[in-house]
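The file entry.csv contains CSV, C-alpha atoms:
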chain,number,residue,atom,x,y,z
A,1,MET,CA,0.0,0.0,0.0
A,2,CYS,CA,1.4,3.4,-1.0
A,3,THR,CA,1.2,6.3,1.5
A,4,ILE,CA,1.4,9.8,0.2
A,5,PRO,CA,3.3,12.1,2.6
A,6,ARG,CA,1.5,15.2,3.9
A,7,SER,CA,2.9,18.5,2.8
A,8,ARG,CA,4.9,20.4,5.4
A,9,ARG,CA,3.4,23.6,4.3
A,10,GLY,CA,0.0,22.9,5.9
A,11,PRO,CA,-3.3,22.0,4.4
A,12,ALA,CA,-3.8,22.4,0.6
A,13,THR,CA,-5.7,25.4,-0.7
A,14,GLU,CA,-8.7,25.1,-2.8
A,15,PRO,CA,-8.1,24.9,-6.6
A,16,GLY,CA,-8.1,28.4,-8.2
A,17,ARG,CA,-7.3,30.2,-4.9
A,18,ARG,CA,-4.0,31.7,-3.9
A,19,ALA,CA,-2.7,31.6,-0.4
A,20,LEU,CA,-2.3,35.0,1.2
A,21,ARG,CA,1.3,35.6,2.3
A,22,VAL,CA,1.7,38.1,5.2
A,23,ARG,CA,5.1,39.6,5.7
A,24,PRO,CA,5.3,40.4,9.5
A,25,ALA,CA,8.5,42.5,9.3
A,26,PRO,CA,7.2,45.1,6.8
A,27,THR,CA,3.9,45.3,8.6
A,28,VAL,CA,5.5,46.1,11.9
A,29,VAL,CA,7.8,48.7,10.3
A,30,ALA,CA,4.9,50.3,8.5
A,31,LEU,CA,2.9,50.6,11.7
A,32,LEU,CA,5.9,52.2,13.5
A,33,ALA,CA,6.4,54.6,10.7
A,34,LEU,CA,2.8,55.7,10.5
A,35,ALA,CA,2.8,56.1,14.3
A,36,GLY,CA,6.0,58.2,14.2
A,37,VAL,CA,5.1,60.6,11.4
A,38,PRO,CA,2.5,62.6,13.4
A,39,SER,CA,5.1,62.8,16.2
A,40,LEU,CA,7.6,64.3,13.8
A,41,GLY,CA,5.0,66.8,12.7
A,42,ASN,CA,4.3,67.8,16.3
A,43,VAL,CA,8.0,68.2,16.9
A,44,ALA,CA,8.3,70.4,13.8
A,45,ARG,CA,5.4,72.6,14.9
A,46,ALA,CA,7.1,73.1,18.3
A,47,GLN,CA,10.3,74.4,16.7
A,48,SER,CA,11.0,77.9,15.5
A,49,ASP,CA,9.9,79.1,12.0
A,50,SER,CA,13.5,78.9,10.8
A,51,THR,CA,13.8,75.2,11.9
A,52,ARG,CA,10.5,74.3,10.3
A,53,GLU,CA,11.7,75.9,7.0
A,54,GLN,CA,15.0,73.9,7.2
A,55,ILE,CA,13.1,70.7,7.8
A,56,ALA,CA,11.2,71.3,4.6
A,57,GLU,CA,14.4,72.4,2.7
A,58,ARG,CA,16.3,69.3,3.7
A,59,ALA,CA,13.3,67.1,2.7
A,60,ARG,CA,13.2,68.7,-0.8
A,61,GLU,CA,17.0,68.3,-1.0
A,62,GLU,CA,16.7,64.6,-0.3
A,63,ARG,CA,14.0,64.1,-2.9
A,64,GLY,CA,15.9,66.1,-5.5
A,65,LEU,CA,19.0,63.9,-5.2
A,66,GLY,CA,17.2,60.6,-4.8
A,67,PHE,CA,17.1,60.0,-8.6
A,68,ALA,CA,20.9,60.4,-9.0
A,69,PHE,CA,21.7,58.2,-6.0
A,70,ASP,CA,19.4,55.4,-7.3
A,71,GLN,CA,20.8,55.0,-10.8
A,72,PRO,CA,22.9,51.8,-11.6
A,73,ILE,CA,24.7,53.8,-14.4
A,74,PRO,CA,25.2,57.6,-14.8
A,75,ALA,CA,21.9,59.1,-16.1
A,76,ILE,CA,20.0,62.4,-16.5
A,77,ARG,CA,16.4,63.4,-16.0
A,78,VAL,CA,14.5,66.5,-17.2
A,79,ARG,CA,11.1,67.5,-15.7
A,80,ALA,CA,8.7,70.2,-16.7
A,81,ASN,CA,6.0,71.0,-14.1
A,82,GLN,CA,2.9,73.1,-14.2
A,83,ALA,CA,0.9,73.8,-11.0
A,84,THR,CA,-2.3,75.6,-10.3
A,85,TYR,CA,-3.7,76.4,-6.8
A,86,THR,CA,-7.2,77.9,-6.9
A,87,GLY,CA,-10.1,78.8,-4.7
A,88,ALA,CA,-8.3,79.8,-1.6
A,89,GLU,CA,-10.5,82.4,0.2
A,90,PHE,CA,-9.1,84.9,2.7
A,91,ASP,CA,-11.8,87.0,4.2
A,92,GLY,CA,-13.7,87.6,0.9
A,93,LYS,CA,-10.5,87.7,-1.2
A,94,ASP,CA,-9.7,84.8,-3.5
A,95,LEU,CA,-6.0,83.9,-4.0
A,96,HIS,CA,-4.9,81.8,-7.0
A,97,TRP,CA,-1.3,80.6,-7.7
A,98,PHE,CA,-0.1,79.6,-11.2
A,99,GLY,CA,3.4,78.2,-11.6
A,100,GLY,CA,5.8,76.6,-14.1
A,101,GLN,CA,9.0,74.8,-13.1
A,102,LEU,CA,12.0,73.2,-14.9
A,103,ILE,CA,14.1,70.6,-13.0
A,104,VAL,CA,17.3,68.8,-14.2
A,105,ASP,CA,18.7,65.9,-12.2
A,106,ALA,CA,21.9,64.0,-13.1
A,107,GLY,CA,24.3,61.6,-11.5
A,108,GLY,CA,25.1,58.0,-10.7
A,109,PRO,CA,28.0,55.8,-9.6
A,110,ILE,CA,31.7,56.7,-10.1
A,111,GLY,CA,34.1,53.9,-10.6
A,112,ARG,CA,33.7,50.7,-8.7
A,113,ARG,CA,34.3,51.8,-5.2
A,114,GLY,CA,30.7,52.3,-4.1
A,115,LEU,CA,30.6,56.1,-4.6
A,116,ASP,CA,27.6,57.9,-6.0
A,117,VAL,CA,27.3,61.6,-6.9
A,118,GLY,CA,24.4,63.7,-7.9
A,119,VAL,CA,23.2,67.2,-8.8
A,120,SER,CA,19.8,68.7,-9.0
A,121,ALA,CA,18.9,72.2,-10.3
A,122,SER,CA,15.5,73.8,-10.6
A,123,THR,CA,13.9,77.1,-11.4
A,124,ALA,CA,10.3,78.2,-11.2
A,125,LEU,CA,8.1,81.2,-11.9
A,126,VAL,CA,5.1,81.6,-9.5
A,127,VAL,CA,2.3,84.1,-10.4
A,128,PRO,CA,-0.1,85.1,-7.6
A,129,VAL,CA,-3.6,86.4,-8.7
A,130,VAL,CA,-5.9,88.1,-6.1
A,131,ASP,CA,-9.6,88.5,-6.8
A,132,GLY,CA,-11.7,91.0,-4.9
A,133,SER,CA,-8.9,93.4,-4.0
A,134,THR,CA,-5.5,94.5,-5.1
A,135,ASN,CA,-4.2,93.9,-1.5
A,136,LEU,CA,-4.2,90.7,0.4
A,137,LEU,CA,-1.7,91.5,3.2
A,138,VAL,CA,-1.1,95.1,4.0
A,139,ALA,CA,2.0,96.6,5.6
A,140,PRO,CA,1.6,99.6,7.9
A,141,GLY,CA,1.9,102.8,5.9
A,142,SER,CA,1.2,101.0,2.5
A,143,THR,CA,-2.2,101.3,0.9
A,144,ASN,CA,-1.9,99.7,-2.5
A,145,ASP,CA,1.0,97.2,-2.9
A,146,PRO,CA,0.0,93.9,-4.6
A,147,PHE,CA,2.4,91.0,-4.9
A,148,ASP,CA,4.5,90.7,-8.1
A,149,GLU,CA,5.6,87.4,-9.6
A,150,PHE,CA,8.0,85.2,-7.6
A,151,LEU,CA,11.1,83.3,-8.6
A,152,ASP,CA,12.0,80.0,-6.9
A,153,SER,CA,15.5,78.5,-7.8
A,154,SER,CA,17.7,75.9,-6.1
A,155,LEU,CA,20.8,73.9,-6.7
A,156,GLN,CA,21.7,70.7,-4.7
A,157,LEU,CA,24.9,68.6,-4.7
A,158,GLY,CA,25.4,65.3,-3.0
A,159,ALA,CA,27.6,62.3,-2.6
A,160,ARG,CA,26.9,58.8,-1.2
A,161,LEU,CA,29.3,56.1,-0.1
A,162,ARG,CA,27.9,52.5,-0.1
A,163,VAL,CA,29.3,50.2,2.5
A,164,GLY,CA,28.4,46.6,1.7
A,165,LYS,CA,24.9,45.8,0.5
A,166,SER,CA,22.9,47.2,3.5
A,167,PHE,CA,24.5,50.5,4.6
A,168,SER,CA,25.4,53.8,3.0
A,169,PHE,CA,26.4,57.3,4.2
A,170,ALA,CA,25.5,60.5,2.3
A,171,ALA,CA,26.5,64.2,2.5
A,172,THR,CA,24.5,66.8,0.7
A,173,SER,CA,24.6,70.6,0.3
A,174,GLY,CA,22.2,73.1,-1.3
A,175,VAL,CA,21.5,76.7,-2.0
A,176,SER,CA,18.1,78.2,-2.8
A,177,ALA,CA,16.7,81.6,-3.5
A,178,ARG,CA,13.0,82.5,-3.4
A,179,HIS,CA,12.1,86.1,-4.0
A,180,GLU,CA,9.8,88.6,-5.6
A,181,ILE,CA,10.9,89.8,-9.0
A,182,GLY,CA,13.0,93.0,-8.5
A,183,VAL,CA,14.7,91.8,-5.3
A,184,THR,CA,18.4,91.3,-5.3
A,185,ILE,CA,19.1,87.6,-5.2
A,186,ARG,CA,21.8,87.8,-2.5
A,187,ASP,CA,19.1,89.0,-0.1
A,188,ALA,CA,17.1,85.8,-0.6
A,189,ILE,CA,19.7,83.1,-0.4
A,190,LEU,CA,19.4,80.1,1.9
A,191,VAL,CA,22.4,77.7,2.4
A,192,GLY,CA,22.3,74.3,4.0
A,193,GLY,CA,23.2,70.7,3.9
A,194,SER,CA,22.9,67.3,5.7
A,195,LEU,CA,24.8,64.2,6.8
A,196,SER,CA,22.8,61.0,7.0
A,197,GLY,CA,23.1,57.2,7.1
A,198,GLU,CA,20.8,54.7,5.3
A,199,TYR,CA,20.0,51.1,6.0
A,200,ARG,CA,18.6,48.9,3.2
A,201,ARG,CA,17.1,45.5,3.6
A,202,ALA,CA,16.9,43.5,0.4
A,203,ASP,CA,14.4,45.2,-1.9
A,204,TRP,CA,11.6,46.0,0.6
A,205,LEU,CA,13.1,48.5,3.1
A,206,ARG,CA,15.1,51.7,3.0
A,207,LEU,CA,15.5,53.8,6.1
A,208,ARG,CA,17.5,57.1,6.2
A,209,LEU,CA,18.3,59.1,9.3
A,210,GLY,CA,20.5,62.1,9.8
A,211,LEU,CA,20.9,65.8,10.7
A,212,GLY,CA,20.6,68.9,8.6
A,213,LEU,CA,22.1,72.4,9.0
A,214,GLY,CA,21.0,75.6,7.4
A,215,THR,CA,20.7,79.4,7.6
A,216,GLY,CA,17.4,81.3,7.9
A,217,LEU,CA,16.1,84.0,5.7
A,218,ASP,CA,16.1,86.8,8.3
A,219,ASP,CA,19.1,85.8,10.4
A,220,ASP,CA,22.5,84.2,10.1
A,221,GLU,CA,21.9,81.7,12.8
A,222,VAL,CA,22.4,78.0,11.9
A,223,SER,CA,19.3,75.8,12.5
A,224,VAL,CA,19.6,72.1,13.2
A,225,SER,CA,16.8,69.9,11.7
A,226,PRO,CA,16.2,66.1,11.4
A,227,VAL,CA,16.6,64.2,8.2
A,228,PHE,CA,14.2,61.2,7.9
A,229,ARG,CA,13.1,59.1,4.9
A,230,LEU,CA,11.5,55.7,4.7
A,231,ARG,CA,10.5,53.6,1.7
A,232,LEU,CA,8.8,50.3,2.5
A,233,ARG,CA,7.3,47.6,0.3
A,234,LEU,CA,4.2,46.4,2.1
A,235,GLN,CA,3.6,43.7,-0.5
A,236,PRO,CA,4.5,43.3,-4.2
A,237,GLY,CA,3.3,46.4,-6.1
A,238,LEU,CA,2.4,48.3,-2.9
A,239,TRP,CA,4.9,50.9,-1.5
A,240,LEU,CA,4.9,53.3,1.4
A,241,GLU,CA,7.2,56.3,1.3
A,242,THR,CA,7.4,59.1,3.9
A,243,ASP,CA,9.8,61.8,5.1
A,244,ALA,CA,9.7,64.6,7.6
A,245,THR,CA,7.1,66.6,5.7
A,246,ARG,CA,5.0,64.2,3.6
A,247,GLY,CA,3.8,60.6,3.0
A,248,ARG,CA,2.8,58.7,0.0
A,249,LEU,CA,1.2,55.3,-0.7
A,250,GLU,CA,2.0,53.9,-4.2
A,251,TRP,CA,0.3,51.0,-6.0
A,252,ASP,CA,1.3,49.5,-9.3
A,253,ALA,CA,-2.1,49.3,-11.1
A,254,THR,CA,-0.5,48.0,-14.3
A,255,SER,CA,2.9,47.4,-15.7
A,256,LYS,CA,2.9,51.0,-17.0
A,257,THR,CA,0.6,52.9,-14.6
A,258,GLN,CA,1.1,53.7,-10.9
A,259,LEU,CA,-1.6,55.2,-8.6
A,260,SER,CA,-0.9,57.0,-5.4
A,261,LEU,CA,-2.4,58.6,-2.3
A,262,PHE,CA,-0.4,61.4,-0.7
A,263,GLY,CA,-0.5,64.0,2.0
A,264,GLY,CA,1.9,66.5,3.6
A,265,LEU,CA,2.9,69.9,4.9
A,266,ASP,CA,4.9,72.6,3.1
A,267,ASN,CA,6.7,75.7,4.4
A,268,ARG,CA,8.2,78.3,2.1
A,269,ARG,CA,9.3,81.9,2.5
A,270,TYR,CA,9.8,84.5,-0.2
A,271,ARG,CA,11.9,87.7,0.1
A,272,LEU,CA,9.8,90.7,-0.7
A,273,SER,CA,10.6,94.1,-2.1
A,274,ARG,CA,10.1,97.2,0.1
A,275,ARG,CA,6.6,97.8,1.3
A,276,GLY,CA,6.0,101.1,3.1
A,277,PRO,CA,8.2,102.6,5.8
A,278,VAL,CA,7.9,99.6,8.1
A,279,VAL,CA,8.7,96.6,5.9
A,280,ARG,CA,11.8,97.6,4.1
A,281,LYS,CA,13.3,94.1,3.7
A,282,GLY,CA,10.4,91.8,4.5
A,283,SER,CA,9.2,88.3,3.5
A,284,LEU,CA,6.1,86.4,2.7
A,285,LYS,CA,5.6,83.1,4.6
A,286,ILE,CA,3.4,80.4,3.1
A,287,ARG,CA,2.4,77.4,5.1
A,288,LYS,CA,-0.1,74.8,3.8
A,289,SER,CA,-1.3,71.2,4.2
A,290,GLU,CA,-2.9,69.0,1.6
A,291,VAL,CA,-4.0,65.5,0.7
A,292,GLY,CA,-4.6,64.1,-2.8
A,293,LEU,CA,-4.5,61.4,-5.5
A,294,GLY,CA,-1.9,61.0,-8.2
A,295,PHE,CA,-0.9,58.8,-11.1
A,296,VAL,CA,2.3,58.1,-13.1
A,297,HIS,CA,2.1,56.6,-16.6
A,298,ARG,CA,5.1,55.4,-18.6
A,299,PHE,CA,5.4,55.9,-22.3
A,300,GLY,CA,8.2,53.6,-23.3
A,301,ARG,CA,11.5,53.8,-21.4
A,302,ARG,CA,12.2,57.5,-21.5
A,303,LEU,CA,9.0,59.4,-21.1
A,304,ARG,CA,6.6,59.5,-18.1
A,305,LEU,CA,3.5,61.7,-17.3
A,306,ARG,CA,2.7,62.5,-13.7
A,307,GLY,CA,-0.6,64.1,-12.6
A,308,GLU,CA,-1.8,65.1,-9.1
A,309,ALA,CA,-5.1,66.5,-7.8
A,310,ALA,CA,-5.1,67.6,-4.2
A,311,VAL,CA,-7.3,69.3,-1.6
A,312,VAL,CA,-5.5,72.0,0.3
A,313,LEU,CA,-6.9,71.7,3.8
A,314,GLY,CA,-5.4,74.8,5.2
A,315,GLN,CA,-3.3,77.7,4.0
A,316,HIS,CA,-1.6,80.4,6.2
A,317,LEU,CA,0.0,83.6,4.8
A,318,SER,CA,2.0,86.0,6.9
A,319,LEU,CA,3.8,89.2,6.1
A,320,ARG,CA,7.1,89.6,8.0
A,321,ASN,CA,9.5,92.5,8.5
A,322,GLU,CA,13.2,92.2,8.4
A,323,ASP,CA,13.3,91.0,12.0
A,324,GLY,CA,11.0,88.1,11.3
A,325,ASP,CA,8.0,89.7,13.2
A,326,THR,CA,4.5,89.3,11.7
A,327,VAL,CA,2.9,92.6,10.6
A,328,ASP,CA,-0.1,91.1,8.9
A,329,SER,CA,-1.5,87.5,8.3
A,330,ALA,CA,-4.4,85.7,6.8
A,331,ASP,CA,-5.8,82.2,6.9
A,332,THR,CA,-8.1,80.3,4.5
A,333,ASN,CA,-11.8,80.0,5.5
A,334,GLU,CA,-12.3,76.6,3.7
A,335,PRO,CA,-10.4,74.0,1.7
A,336,SER,CA,-9.3,74.8,-1.9
A,337,ALA,CA,-8.0,72.8,-4.8
A,338,ALA,CA,-4.6,72.1,-6.4
A,339,PHE,CA,-3.6,70.5,-9.7
A,340,ARG,CA,-0.2,69.5,-10.9
A,341,LEU,CA,1.1,68.0,-14.2
A,342,THR,CA,4.7,66.9,-14.8
A,343,VAL,CA,6.4,65.7,-17.9
A,344,ASP,CA,9.4,63.5,-17.0
A,345,TRP,CA,11.9,62.8,-19.8
A,346,ARG,CA,14.9,60.5,-19.3
A,347,PRO,CA,17.1,60.8,-22.5
A,348,GLY,CA,19.4,58.0,-21.4
A,349,ARG,CA,22.7,57.4,-19.6
A,350,LEU,CA,25.5,59.8,-19.5
A,351,ARG,CA,28.9,59.0,-21.0
A,352,GLY,CA,31.1,56.9,-18.8
A,353,PRO,CA,31.9,53.3,-17.8
A,354,ARG,CA,28.9,51.0,-17.1
A,355,THR,CA,29.1,50.3,-13.4
A,356,LEU,CA,26.6,47.9,-11.9
A,357,ARG,CA,26.0,47.7,-8.2
A,358,GLY,CA,24.5,45.2,-5.8
A,359,GLY,CA,21.0,45.7,-4.3
A,360,ALA,CA,17.8,46.7,-5.8
A,361,ALA,CA,17.4,50.3,-7.0
A,362,ARG,CA,14.5,52.4,-5.7
A,363,LYS,CA,11.3,51.7,-7.7
A,364,GLU,CA,9.8,54.8,-9.2
Mind turning the file's structure into structure tokens?
Amino acid sequence: MCTIPRSRRGPATEPGRRALRVRPAPTVVALLALAGVPSLGNVARAQSDSTREQIAERAREERGLGFAFDQPIPAIRVRANQATYTGAEFDGKDLHWFGGQLIVDAGGPIGRRGLDVGVSASTALVVPVVDGSTNLLVAPGSTNDPFDEFLDSSLQLGARLRVGKSFSFAATSGVSARHEIGVTIRDAILVGGSLSGEYRRADWLRLRLGLGLGTGLDDDEVSVSPVFRLRLRLQPGLWLETDATRGRLEWDATSKTQLSLFGGLDNRRYRLSRRGPVVRKGSLKIRKSEVGLGFVHRFGRRLRLRGEAAVVLGQHLSLRNEDGDTVDSADTNEPSAAFRLTVDWRPGRLRGPRTLRGGAARKE
């Protein structure tokens, strides 16, 4: 009599059904990450304005250099972005923002010693339009002084050293300038950088921690800010990515289309031209929070189209003098809308030796 041995994997599943595989480690890390993000937000709100701005600057710096650090061979990426923020109401006055941005990222590995370098440069034109009044924020002694167009430019440089397959250490530096047209660029420069370490576990976990340093817009003091970034594969085709200012859940709907759910906070400050006798060298601070949906569709290997639609939950504007004190402020009365469209072109690798490296590259 022949005896068929029982499978060591447990009872057989029904025909046509697939067993659900649960990965406990990613699940635990995801829960810890989601629990920690609100705490990071509370810590950021408890800090000074300069520190909150530096947290946002370092997060943007990490995202800008991420492409270069994740390339198996030297490569370049060019992005053109169009953004519209509309329907923000401030005490009967509607504020709309229209912007266009050009971003160039380049970099990759150098030689075979585990060294990656990257550069990211961007410039944007932002146009504010106020309905209902020529003035939104009024400085003392000024009766009619609407905002002009704003310029937003930045340059980031970075290097990363890979140690084995699981660890790497990165150093980044950046300079940015946000100002109203007509303002001298040297009055709007912010300088900063960061040092961080990253741990990678196979192709499902990447965790980066570090410290950032940077100068404020209205003072020469150096602010210290945290650097945090997590990318976690919850299951095949489902990713969680979060840093100190935003979070995103990504799902591969098809082999060419990815859908996402995102949310986050943003802090920016623009240097203003002279406004009346009180604000001679002031600034406009913009703080907002949003949640939304997005998609990325690939057209071949080199072209991608990214779209996002968001609800801006709250928006705060404040007019500051040269000492950083608020002279006027306004808050939105209800949520507004935001729409962004980005064309992502990747012309191919840069000239240089083909250098492959171990470990899985970040999925985009």
By how many Å are atom CA of A:Gln54 and atom CA of A:Gly263 apart?
-> 19.1 Å
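Computed from the coordinates, the atom CA of A:Ala330 to atom CA of A:His316 distance equals 6.0 Å.
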Which is closer to A:Asp105 than all the others in A:Gly292, A:Gly87, A:Pro128, A:Pro347, using all atoms listed in the file?
->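 Of A:Gly292, A:Gly87, A:Pro128, A:Pro347, the one nearest A:Asp105, counting all atoms listed in the file, is A:Pro347.
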Fewer than 5 positions away in the same chain doesn't count, so skip those; otherwise give me all residues within 8 Å of A:Ala59, counting only C-alpha atoms, as number ranges by chain.
-> A: 227-228, 243-245
Could you write out the selected residues, including C-alpha atoms, as an mmCIF file, keeping the file's coordinate frame?
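The new file again33.cif reads:
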data_model
loop_
_atom_site.group_PDB
_atom_site.id
_atom_site.type_symbol
_atom_site.label_atom_id
_atom_site.label_comp_id
_atom_site.auth_asym_id
_atom_site.auth_seq_id
_atom_site.Cartn_x
_atom_site.Cartn_y
_atom_site.Cartn_z
ATOM 1 C CA VAL A 227 16.600 64.200 8.200
ATOM 2 C CA PHE A 228 14.200 61.200 7.900
ATOM 3 C CA ASP A 243 9.800 61.800 5.100
ATOM 4 C CA ALA A 244 9.700 64.600 7.600
ATOM 5 C CA THR A 245 7.100 66.600 5.700
#
To one decimal place, how far is atom CA of A:Ala83 from atom CA of A:Ala253 in Å?
-> 24.7 Å
Which is closest to A:Gly182 among A:Ser273, A:Asp328, A:Gly214, A:Arg208, if we use only C-alpha atoms?
->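 Comparing A:Ser273, A:Asp328, A:Gly214, A:Arg208 against A:Gly182, the winner is A:Ser273.
Closest approach to A:Gln258 from the set A:Leu305, A:Leu232, A:Val183, A:Leu155 is made by A:Leu305, with distances taken over only C-alpha atoms.
Residue nearest A:Gly314 within the list A:Gly282, A:Gly92, A:Gly264, A:Gly348: A:Gly264 [criterion: smallest interatomic distance, only C-alpha atoms].
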Option closest in space to A:Ala337, from A:Glu290, A:Asp70, A:Glu250, A:Asp325 [counting all atoms listed in the file] | A:Glu290
Place a sphere of radius 8 Å on (13.3, 53.4, -20.7) in the file coordinates and name every protein, DNA or RNA residue with an atom inside or on its surface, counting only C-alpha atoms; give the answer as a ChimeraX atom specification.
-> /A:300-303,346,348
Between A:Leu313, A:Val222, A:Val279, A:Leu341, which has the minimum distance to A:Asp266 (counting all atoms listed in the file)?
->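 Ranking A:Leu313, A:Val222, A:Val279, A:Leu341 by distance to A:Asp266, first place goes to A:Leu313.
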Quick one: residues within 7 Å of (1.3, 79.1, -12.9) (file frame), counting only C-alpha atoms, please, as number ranges by chain.
-> A: 82-84, 97-100, 126-127
Output file for the residues above (C-alpha atoms, as a JSON list (two decimals), in the frame of the given file):
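Final output, result.json:
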[["chain", "number", "residue", "atom", "x", "y", "z"],
["A", 82, "GLN", "CA", 2.90, 73.10, -14.20],
["A", 83, "ALA", "CA", 0.90, 73.80, -11.00],
["A", 84, "THR", "CA", -2.30, 75.60, -10.30],
["A", 97, "TRP", "CA", -1.30, 80.60, -7.70],
["A", 98, "PHE", "CA", -0.10, 79.60, -11.20],
["A", 99, "GLY", "CA", 3.40, 78.20, -11.60],
["A", 100, "GLY", "CA", 5.80, 76.60, -14.10],
["A", 126, "VAL", "CA", 5.10, 81.60, -9.50],
["A", 127, "VAL", "CA", 2.30, 84.10, -10.40]]
